[in-house]
file my_file.pdb (PDB, C-alpha atoms and all ligand atoms)
ATOM      1  CA  MET A   1      98.934-217.184 -59.568  1.00  0.00           C
ATOM      2  CA  SER A   2      99.485-214.756 -56.775  1.00  0.00           C
ATOM      3  CA  ASP A   3      98.049-212.044 -58.983  1.00  0.00           C
ATOM      4  CA  ALA A   4      94.889-213.810 -60.111  1.00  0.00           C
ATOM      5  CA  VAL A   5      92.648-213.224 -57.104  1.00  0.00           C
ATOM      6  CA  PRO A   6      93.646-209.676 -56.339  1.00  0.00           C
ATOM      7  CA  LEU A   7      93.150-208.782 -59.987  1.00  0.00           C
ATOM      8  CA  ALA A   8      89.644-210.215 -59.957  1.00  0.00           C
ATOM      9  CA  VAL A   9      88.888-208.367 -56.766  1.00  0.00           C
ATOM     10  CA  ARG A  10      90.254-205.175 -58.179  1.00  0.00           C
ATOM     11  CA  ARG A  11      88.104-205.593 -61.262  1.00  0.00           C
ATOM     12  CA  LEU A  12      85.017-206.094 -59.118  1.00  0.00           C
ATOM     13  CA  LEU A  13      85.832-203.001 -57.108  1.00  0.00           C
ATOM     14  CA  LEU A  14      86.381-201.051 -60.289  1.00  0.00           C
ATOM     15  CA  ILE A  15      83.044-202.177 -61.690  1.00  0.00           C
ATOM     16  CA  ALA A  16      81.266-201.387 -58.436  1.00  0.00           C
ATOM     17  CA  GLY A  17      82.895-197.971 -58.357  1.00  0.00           C
ATOM     18  CA  LEU A  18      81.920-197.219 -61.930  1.00  0.00           C
ATOM     19  CA  ALA A  19      78.358-198.321 -61.230  1.00  0.00           C
ATOM     20  CA  LEU A  20      78.180-195.862 -58.348  1.00  0.00           C
ATOM     21  CA  LEU A  21      79.612-193.085 -60.488  1.00  0.00           C
ATOM     22  CA  VAL A  22      77.038-193.732 -63.163  1.00  0.00           C
ATOM     23  CA  ALA A  23      74.124-194.081 -60.756  1.00  0.00           C
ATOM     24  CA  ALA A  24      74.735-191.008 -58.622  1.00  0.00           C
ATOM     25  CA  PRO A  25      74.359-188.233 -61.227  1.00  0.00           C
ATOM     26  CA  ALA A  26      71.492-190.047 -62.884  1.00  0.00           C
ATOM     27  CA  GLY A  27      69.146-188.279 -60.520  1.00  0.00           C
ATOM     28  CA  CYS A  28      68.143-190.923 -58.040  1.00  0.00           C
ATOM     29  CA  SER A  29      65.806-189.024 -55.766  1.00  0.00           C
ATOM     30  CA  SER A  30      67.422-190.317 -52.582  1.00  0.00           C
ATOM     31  CA  GLY A  31      70.839-188.856 -53.360  1.00  0.00           C
ATOM     32  CA  PRO A  32      71.981-185.421 -52.241  1.00  0.00           C
ATOM     33  CA  TRP A  33      70.659-182.844 -54.661  1.00  0.00           C
ATOM     34  CA  VAL A  34      72.415-179.597 -55.412  1.00  0.00           C
ATOM     35  CA  PRO A  35      70.507-176.856 -57.222  1.00  0.00           C
ATOM     36  CA  THR A  36      72.560-176.334 -60.358  1.00  0.00           C
ATOM     37  CA  PRO A  37      72.215-173.519 -62.890  1.00  0.00           C
ATOM     38  CA  THR A  38      71.396-175.250 -66.149  1.00  0.00           C
ATOM     39  CA  GLY A  39      73.557-173.078 -68.381  1.00  0.00           C
ATOM     40  CA  ALA A  40      70.619-172.828 -70.782  1.00  0.00           C
ATOM     41  CA  THR A  41      70.994-170.114 -73.402  1.00  0.00           C
ATOM     42  CA  CYS A  42      68.672-168.514 -75.895  1.00  0.00           C
ATOM     43  CA  PRO A  43      69.396-169.983 -79.332  1.00  0.00           C
ATOM     44  CA  PRO A  44      70.720-167.511 -81.938  1.00  0.00           C
ATOM     45  CA  GLU A  45      67.544-167.902 -83.944  1.00  0.00           C
ATOM     46  CA  GLY A  46      65.447-167.166 -80.861  1.00  0.00           C
ATOM     47  CA  THR A  47      62.543-169.297 -79.709  1.00  0.00           C
ATOM     48  CA  ASP A  48      58.865-169.785 -80.405  1.00  0.00           C
ATOM     49  CA  LEU A  49      58.296-170.342 -76.689  1.00  0.00           C
ATOM     50  CA  THR A  50      56.328-167.492 -75.106  1.00  0.00           C
ATOM     51  CA  TYR A  51      54.750-166.811 -71.747  1.00  0.00           C
ATOM     52  CA  GLU A  52      51.365-167.433 -73.352  1.00  0.00           C
ATOM     53  CA  ASN A  53      52.111-170.683 -75.198  1.00  0.00           C
ATOM     54  CA  PHE A  54      54.621-172.168 -72.746  1.00  0.00           C
ATOM     55  CA  GLY A  55      55.169-170.319 -69.459  1.00  0.00           C
ATOM     56  CA  THR A  56      51.542-170.111 -68.443  1.00  0.00           C
ATOM     57  CA  PRO A  57      50.516-173.702 -69.235  1.00  0.00           C
ATOM     58  CA  PHE A  58      53.756-175.080 -67.739  1.00  0.00           C
ATOM     59  CA  MET A  59      53.308-173.227 -64.448  1.00  0.00           C
ATOM     60  CA  GLU A  60      49.595-174.046 -64.303  1.00  0.00           C
ATOM     61  CA  ALA A  61      50.292-177.724 -64.862  1.00  0.00           C
ATOM     62  CA  TYR A  62      53.129-178.117 -62.367  1.00  0.00           C
ATOM     63  CA  CYS A  63      53.670-175.151 -60.057  1.00  0.00           C
ATOM     64  CA  VAL A  64      50.831-172.757 -59.183  1.00  0.00           C
ATOM     65  CA  ARG A  65      48.987-175.120 -56.869  1.00  0.00           C
ATOM     66  CA  CYS A  66      51.702-174.124 -54.368  1.00  0.00           C
ATOM     67  CA  HIS A  67      53.446-171.093 -55.925  1.00  0.00           C
ATOM     68  CA  SER A  68      50.620-168.578 -56.442  1.00  0.00           C
ATOM     69  CA  SER A  69      50.070-165.018 -55.259  1.00  0.00           C
ATOM     70  CA  GLU A  70      46.524-166.119 -54.415  1.00  0.00           C
ATOM     71  CA  LEU A  71      47.701-168.723 -51.904  1.00  0.00           C
ATOM     72  CA  LYS A  72      48.557-167.729 -48.348  1.00  0.00           C
ATOM     73  CA  GLY A  73      49.959-169.570 -45.351  1.00  0.00           C
ATOM     74  CA  ALA A  74      49.480-173.305 -45.186  1.00  0.00           C
ATOM     75  CA  ALA A  75      47.772-173.330 -48.577  1.00  0.00           C
ATOM     76  CA  ARG A  76      51.215-172.742 -50.111  1.00  0.00           C
ATOM     77  CA  MET A  77      52.319-176.146 -48.843  1.00  0.00           C
ATOM     78  CA  GLY A  78      55.681-174.704 -47.860  1.00  0.00           C
ATOM     79  CA  ALA A  79      56.391-172.796 -51.069  1.00  0.00           C
ATOM     80  CA  PRO A  80      58.420-169.708 -50.113  1.00  0.00           C
ATOM     81  CA  ILE A  81      56.978-166.227 -50.382  1.00  0.00           C
ATOM     82  CA  TYR A  82      57.932-164.138 -53.420  1.00  0.00           C
ATOM     83  CA  HIS A  83      58.042-167.324 -55.450  1.00  0.00           C
ATOM     84  CA  ASP A  84      54.679-166.831 -57.176  1.00  0.00           C
ATOM     85  CA  PHE A  85      54.416-168.191 -60.673  1.00  0.00           C
ATOM     86  CA  ASP A  86      50.906-167.037 -61.625  1.00  0.00           C
ATOM     87  CA  SER A  87      52.381-164.024 -63.420  1.00  0.00           C
ATOM     88  CA  LYS A  88      55.251-163.523 -65.836  1.00  0.00           C
ATOM     89  CA  ILE A  89      56.984-161.004 -63.587  1.00  0.00           C
ATOM     90  CA  GLY A  90      56.545-163.373 -60.636  1.00  0.00           C
ATOM     91  CA  ILE A  91      58.516-165.998 -62.531  1.00  0.00           C
ATOM     92  CA  LEU A  92      61.145-163.678 -63.998  1.00  0.00           C
ATOM     93  CA  ASN A  93      61.812-162.005 -60.634  1.00  0.00           C
ATOM     94  CA  VAL A  94      63.304-165.302 -59.510  1.00  0.00           C
ATOM     95  CA  ALA A  95      64.244-166.701 -62.904  1.00  0.00           C
ATOM     96  CA  ALA A  96      67.576-168.024 -61.705  1.00  0.00           C
ATOM     97  CA  HIS A  97      65.843-169.873 -58.855  1.00  0.00           C
ATOM     98  CA  VAL A  98      63.318-171.420 -61.226  1.00  0.00           C
ATOM     99  CA  ASP A  99      66.132-172.422 -63.573  1.00  0.00           C
ATOM    100  CA  ARG A 100      68.123-174.261 -60.941  1.00  0.00           C
ATOM    101  CA  GLU A 101      65.099-175.978 -59.361  1.00  0.00           C
ATOM    102  CA  ALA A 102      63.089-177.134 -62.335  1.00  0.00           C
ATOM    103  CA  ALA A 103      64.769-176.491 -65.694  1.00  0.00           C
ATOM    104  CA  ALA A 104      67.278-178.329 -67.856  1.00  0.00           C
ATOM    105  CA  GLY A 105      70.188-177.273 -70.034  1.00  0.00           C
ATOM    106  CA  PRO A 106      73.716-178.279 -70.991  1.00  0.00           C
ATOM    107  CA  ASP A 107      74.994-178.213 -67.407  1.00  0.00           C
ATOM    108  CA  ALA A 108      72.164-179.881 -65.484  1.00  0.00           C
ATOM    109  CA  ILE A 109      68.710-181.375 -65.471  1.00  0.00           C
ATOM    110  CA  ASP A 110      67.138-180.049 -62.278  1.00  0.00           C
ATOM    111  CA  ARG A 111      64.214-182.144 -61.134  1.00  0.00           C
ATOM    112  CA  HIS A 112      63.754-180.864 -57.555  1.00  0.00           C
ATOM    113  CA  MET A 113      60.465-179.127 -58.346  1.00  0.00           C
ATOM    114  CA  PRO A 114      57.657-179.981 -58.175  1.00  0.00           C
ATOM    115  CA  PRO A 115      58.202-182.066 -55.029  1.00  0.00           C
ATOM    116  CA  ASN A 116      55.197-184.290 -55.723  1.00  0.00           C
ATOM    117  CA  GLY A 117      52.341-184.865 -58.135  1.00  0.00           C
ATOM    118  CA  ASP A 118      52.542-184.453 -61.913  1.00  0.00           C
ATOM    119  CA  LYS A 119      56.100-183.805 -63.078  1.00  0.00           C
ATOM    120  CA  PRO A 120      57.248-182.172 -66.294  1.00  0.00           C
ATOM    121  CA  THR A 121      59.085-184.314 -68.799  1.00  0.00           C
ATOM    122  CA  ASP A 122      62.766-183.591 -69.303  1.00  0.00           C
ATOM    123  CA  ALA A 123      61.853-182.142 -72.717  1.00  0.00           C
ATOM    124  CA  GLU A 124      59.570-179.673 -70.957  1.00  0.00           C
ATOM    125  CA  ARG A 125      62.381-178.855 -68.528  1.00  0.00           C
ATOM    126  CA  TYR A 126      64.706-178.085 -71.459  1.00  0.00           C
ATOM    127  CA  ASP A 127      61.998-175.824 -72.879  1.00  0.00           C
ATOM    128  CA  LEU A 128      61.745-174.090 -69.503  1.00  0.00           C
ATOM    129  CA  GLY A 129      65.490-173.431 -69.538  1.00  0.00           C
ATOM    130  CA  THR A 130      65.326-172.051 -73.072  1.00  0.00           C
ATOM    131  CA  TRP A 131      62.251-169.923 -72.421  1.00  0.00           C
ATOM    132  CA  LEU A 132      63.766-168.404 -69.275  1.00  0.00           C
ATOM    133  CA  ALA A 133      67.067-167.729 -71.044  1.00  0.00           C
ATOM    134  CA  CYS A 134      65.298-165.953 -73.919  1.00  0.00           C
ATOM    135  CA  GLU A 135      63.157-163.876 -71.538  1.00  0.00           C
ATOM    136  CA  GLU A 136      66.276-162.950 -69.584  1.00  0.00           C
ATOM    137  CA  GLN A 137      68.095-162.019 -72.779  1.00  0.00           C
ATOM    138  CA  ALA A 138      65.154-159.855 -73.843  1.00  0.00           C
ATOM    139  CA  LEU A 139      65.373-158.078 -70.485  1.00  0.00           C
ATOM    140  CA  GLY A 140      69.111-157.581 -70.945  1.00  0.00           C
ATOM    141  CA  ASN A 141      70.012-159.805 -68.020  1.00  0.00           C
ATOM    142  CA  PRO A 142      73.041-162.096 -68.060  1.00  0.00           C
ATOM    143  CA  PRO A 143      72.477-165.855 -68.299  1.00  0.00           C
ATOM    144  CA  ASP A 144      71.470-167.358 -64.945  1.00  0.00           C
ATOM    145  CA  GLY A 145      71.229-163.859 -63.522  1.00  0.00           C
ATOM    146  CA  GLY A 146      67.582-163.053 -62.970  1.00  0.00           C
ATOM    147  CA  VAL A 147      66.358-159.576 -62.177  1.00  0.00           C
ATOM    148  CA  ALA A 148      66.605-160.345 -58.502  1.00  0.00           C
ATOM    149  CA  ASP A 149      69.575-162.612 -58.861  1.00  0.00           C
ATOM    150  CA  ALA A 150      72.216-160.499 -60.486  1.00  0.00           C
ATOM    151  CA  SER A 151      74.598-161.420 -57.689  1.00  0.00           C
ATOM    152  CA  LEU A 152      74.638-164.955 -59.027  1.00  0.00           C
ATOM    153  CA  ALA A 153      76.032-163.794 -62.332  1.00  0.00           C
ATOM    154  CA  PRO A 154      79.664-162.764 -61.631  1.00  0.00           C
ATOM    155  CA  ASP A 155      81.098-166.097 -62.631  1.00  0.00           C
ATOM    156  CA  GLY A 156      79.163-166.032 -65.831  1.00  0.00           C
ATOM    157  CA  GLY A 157      76.567-168.644 -65.046  1.00  0.00           C
ATOM    158  CA  ASP A 158      79.014-171.359 -65.865  1.00  0.00           C
ATOM    159  CA  GLY A 159      77.361-174.109 -63.947  1.00  0.00           C
ATOM    160  CA  ASP A 160      77.989-173.150 -60.360  1.00  0.00           C
ATOM    161  CA  ALA A 161      76.966-169.551 -60.457  1.00  0.00           C
ATOM    162  CA  GLY A 162      77.830-168.491 -56.970  1.00  0.00           C
ATOM    163  CA  LEU A 163      75.770-171.107 -55.163  1.00  0.00           C
ATOM    164  CA  ASP A 164      78.805-172.385 -53.363  1.00  0.00           C
ATOM    165  CA  ALA A 165      80.395-169.003 -52.966  1.00  0.00           C
ATOM    166  CA  GLY A 166      78.595-168.213 -49.754  1.00  0.00           C
ATOM    167  CA  ASN A 167      77.053-165.065 -51.149  1.00  0.00           C
ATOM    168  CA  ALA A 168      74.447-163.780 -48.768  1.00  0.00           C
ATOM    169  CA  ASP A 169      71.487-163.909 -51.103  1.00  0.00           C
ATOM    170  CA  ALA A 170      71.776-167.325 -52.675  1.00  0.00           C
ATOM    171  CA  GLY A 171      68.838-168.710 -50.715  1.00  0.00           C
ATOM    172  CA  PRO A 172      65.095-168.352 -51.030  1.00  0.00           C
ATOM    173  CA  ASP A 173      64.767-166.435 -47.769  1.00  0.00           C
ATOM    174  CA  ALA A 174      66.985-163.550 -48.719  1.00  0.00           C
ATOM    175  CA  ALA A 175      65.367-160.152 -48.946  1.00  0.00           C
ATOM    176  CA  GLN A 176      65.040-159.485 -52.634  1.00  0.00           C
TER
HETATM  177  C1  LIG B   1      53.443-179.284 -53.658  1.00  0.00           C
HETATM  178  C2  LIG B   1      53.816-177.882 -53.630  1.00  0.00           C
HETATM  179  C3  LIG B   1      54.833-177.394 -54.645  1.00  0.00           C
HETATM  180  C4  LIG B   1      54.765-177.448 -56.028  1.00  0.00           C
HETATM  181  C5  LIG B   1      53.680-178.061 -56.882  1.00  0.00           C
HETATM  182  C6  LIG B   1      55.950-176.790 -56.507  1.00  0.00           C
HETATM  183  N1  LIG B   1      56.715-176.345 -55.458  1.00  0.00           N
HETATM  184 FE1  LIG B   1      58.420-175.220 -55.568  1.00  0.00          FE
HETATM  185  N2  LIG B   1      58.582-175.228 -53.540  1.00  0.00           N
HETATM  186  C7  LIG B   1      57.748-175.920 -52.691  1.00  0.00           C
HETATM  187  C8  LIG B   1      58.338-175.926 -51.363  1.00  0.00           C
HETATM  188  C9  LIG B   1      57.757-176.613 -50.152  1.00  0.00           C
HETATM  189  C10 LIG B   1      59.547-175.192 -51.451  1.00  0.00           C
HETATM  190  C11 LIG B   1      60.564-174.894 -50.330  1.00  0.00           C
HETATM  191  C12 LIG B   1      61.377-176.109 -49.998  1.00  0.00           C
HETATM  192  C13 LIG B   1      62.323-176.526 -51.069  1.00  0.00           C
HETATM  193  O1  LIG B   1      62.980-175.662 -51.709  1.00  0.00           O
HETATM  194  O2  LIG B   1      62.437-177.730 -51.295  1.00  0.00           O
HETATM  195  C14 LIG B   1      59.656-174.751 -52.829  1.00  0.00           C
HETATM  196  C15 LIG B   1      60.682-173.979 -53.304  1.00  0.00           C
HETATM  197  C16 LIG B   1      60.810-173.577 -54.620  1.00  0.00           C
HETATM  198  C17 LIG B   1      61.774-172.627 -55.099  1.00  0.00           C
HETATM  199  C18 LIG B   1      62.751-171.848 -54.249  1.00  0.00           C
HETATM  200  C19 LIG B   1      63.990-172.636 -53.997  1.00  0.00           C
HETATM  201  C20 LIG B   1      65.194-171.752 -53.867  1.00  0.00           C
HETATM  202  O3  LIG B   1      66.065-172.071 -53.072  1.00  0.00           O
HETATM  203  O4  LIG B   1      65.259-170.738 -54.573  1.00  0.00           O
HETATM  204  C21 LIG B   1      61.599-172.534 -56.438  1.00  0.00           C
HETATM  205  C22 LIG B   1      62.357-171.666 -57.418  1.00  0.00           C
HETATM  206  C23 LIG B   1      60.528-173.426 -56.801  1.00  0.00           C
HETATM  207  N3  LIG B   1      60.058-174.036 -55.684  1.00  0.00           N
HETATM  208  C24 LIG B   1      60.088-173.627 -58.092  1.00  0.00           C
HETATM  209  C25 LIG B   1      59.033-174.459 -58.421  1.00  0.00           C
HETATM  210  C26 LIG B   1      58.606-174.692 -59.780  1.00  0.00           C
HETATM  211  C27 LIG B   1      59.234-174.065 -61.012  1.00  0.00           C
HETATM  212  C28 LIG B   1      57.549-175.551 -59.721  1.00  0.00           C
HETATM  213  C29 LIG B   1      56.808-176.175 -60.867  1.00  0.00           C
HETATM  214  C30 LIG B   1      57.650-176.877 -61.840  1.00  0.00           C
HETATM  215  C31 LIG B   1      57.301-175.832 -58.319  1.00  0.00           C
HETATM  216  N4  LIG B   1      58.237-175.164 -57.580  1.00  0.00           N
HETATM  217  C32 LIG B   1      56.268-176.630 -57.846  1.00  0.00           C
HETATM  218  C33 LIG B   1      56.547-176.499 -53.007  1.00  0.00           C
HETATM  219  C34 LIG B   1      56.092-176.713 -54.300  1.00  0.00           C
END
call {"tool": "encode", "arguments": {"input": "my_file.pdb", "output": "structure tokens"}}
result
Amino acid sequence: MSDAVPLAVRRLLLIAGLALLVAAPAGCSSGPWVPTPTGATCPPEGTDLTYENFGTPFMEAYCVRCHSSELKGAARMGAPIYHDFDSKIGILNVAAHVDREAAAGPDAIDRHMPPNGDKPTDAERYDLGTWLACEEQALGNPPDGGVADASLAPDGGDGDAGLDAGNADAGPDAAQ
């Protein structure tokens, strides 16, 4: 008898705790968001995704209204400079940034970008991760280590590629 109530209470607490655990990583937009390398890799058989059939239409649909080399000042709506996605090299120069903001893979589904308006589906985000990984592989870059982001690669892009390591150039404002 003395155990009955505490047990019930403990069960309620357990259920509440589990509910929180399940809800938090599910991507509720109010929760703290940490940009997470997706761990996406290029499949052994390669991919049919190309800049022409995927990269261009994806960026035009969701990104270039803010991230374009043709937009200056306030027209960028806060999008940082050197993050221009109206060219292939513009994307690949910051491939690791794009991956951890907008792509999906085995380690994360990153839905931070775009901040408003039409959003890609998760399937499109997985394609973005795959396309970036294959482009990076073709360039000879390590996974999650874009041309400008090689410093993120030392831990092998294993899901927290240097973002917490306090390396000086992890942010968008770093000279790159
Ligand atoms: C409405 C304007 C807007 C759109 C559309 C948009 N962004 Fe952004 N983007 C921003 C702003 C503002 C920032 C800086 C603040 C922030 O990071 O939240 C930013 C920052 C970024 C960064 C740099 C973050 C970092 O720390 O490296 C990347 C990468 C990025 N966006 C990718 C994308 C991608 C990919 C898309 C399309 C899927 C996209 N954005 C769509 C406004 C936009």
call {"tool": "residues_near_ligand", "arguments": {"input": "my_file.pdb", "ligand": "ligand LIG 1 (chain B)", "cutoff": "7 Å", "atoms": "all atoms listed in the file", "output": "list in words"}}
result
Met59, Tyr62, Cys63, Val64, Arg65, Cys66, His67, Arg76, Met77, Gly78, Ala79, Pro80, His83, Val94, His97, Val98, Glu101, Ala102, Met113, Pro114, Pro115, Asn116, Pro120, Gly171 and Pro172 of chain A
call {"tool": "axis_aligned_box", "arguments": {"input": "my_file.pdb", "around": "range 134-138 of chain A", "padding_each_side": "4 Å", "output": "AutoDock Vina command-line options"}}
result
--center_x 65.6 --center_y -162.9 --center_z -71.8 --size_x 12.9 --size_y 14.1 --size_z 12.3
call {"tool": "atom_distance", "arguments": {"input": "my_file.pdb", "atom1": "CA of Thr38 in chain A", "atom2": "CA of Ser68 in chain A"}}
result
23.9 Å
call {"tool": "resolve_selection", "arguments": {"input": "my_file.pdb", "expression": "the PyMOL selection byres (((chain A and resi 121-133) around 6) and not hetatm)", "output": "list in words"}}
result
Ala40, Thr41, Cys42, Leu49, Ala103, Ala104, Gly105, Pro120, Cys134, Glu135 and Glu136 of chain A
call {"tool": "atom_distance", "arguments": {"input": "my_file.pdb", "atom1": "CA of Glu70 in chain A", "atom2": "CA of Pro37 in chain A"}}
result
28.0 Å
call {"tool": "atom_distance", "arguments": {"input": "my_file.pdb", "atom1": "CA of Pro35 in chain A", "atom2": "CA of Asp110 in chain A"}}
result
6.9 Å
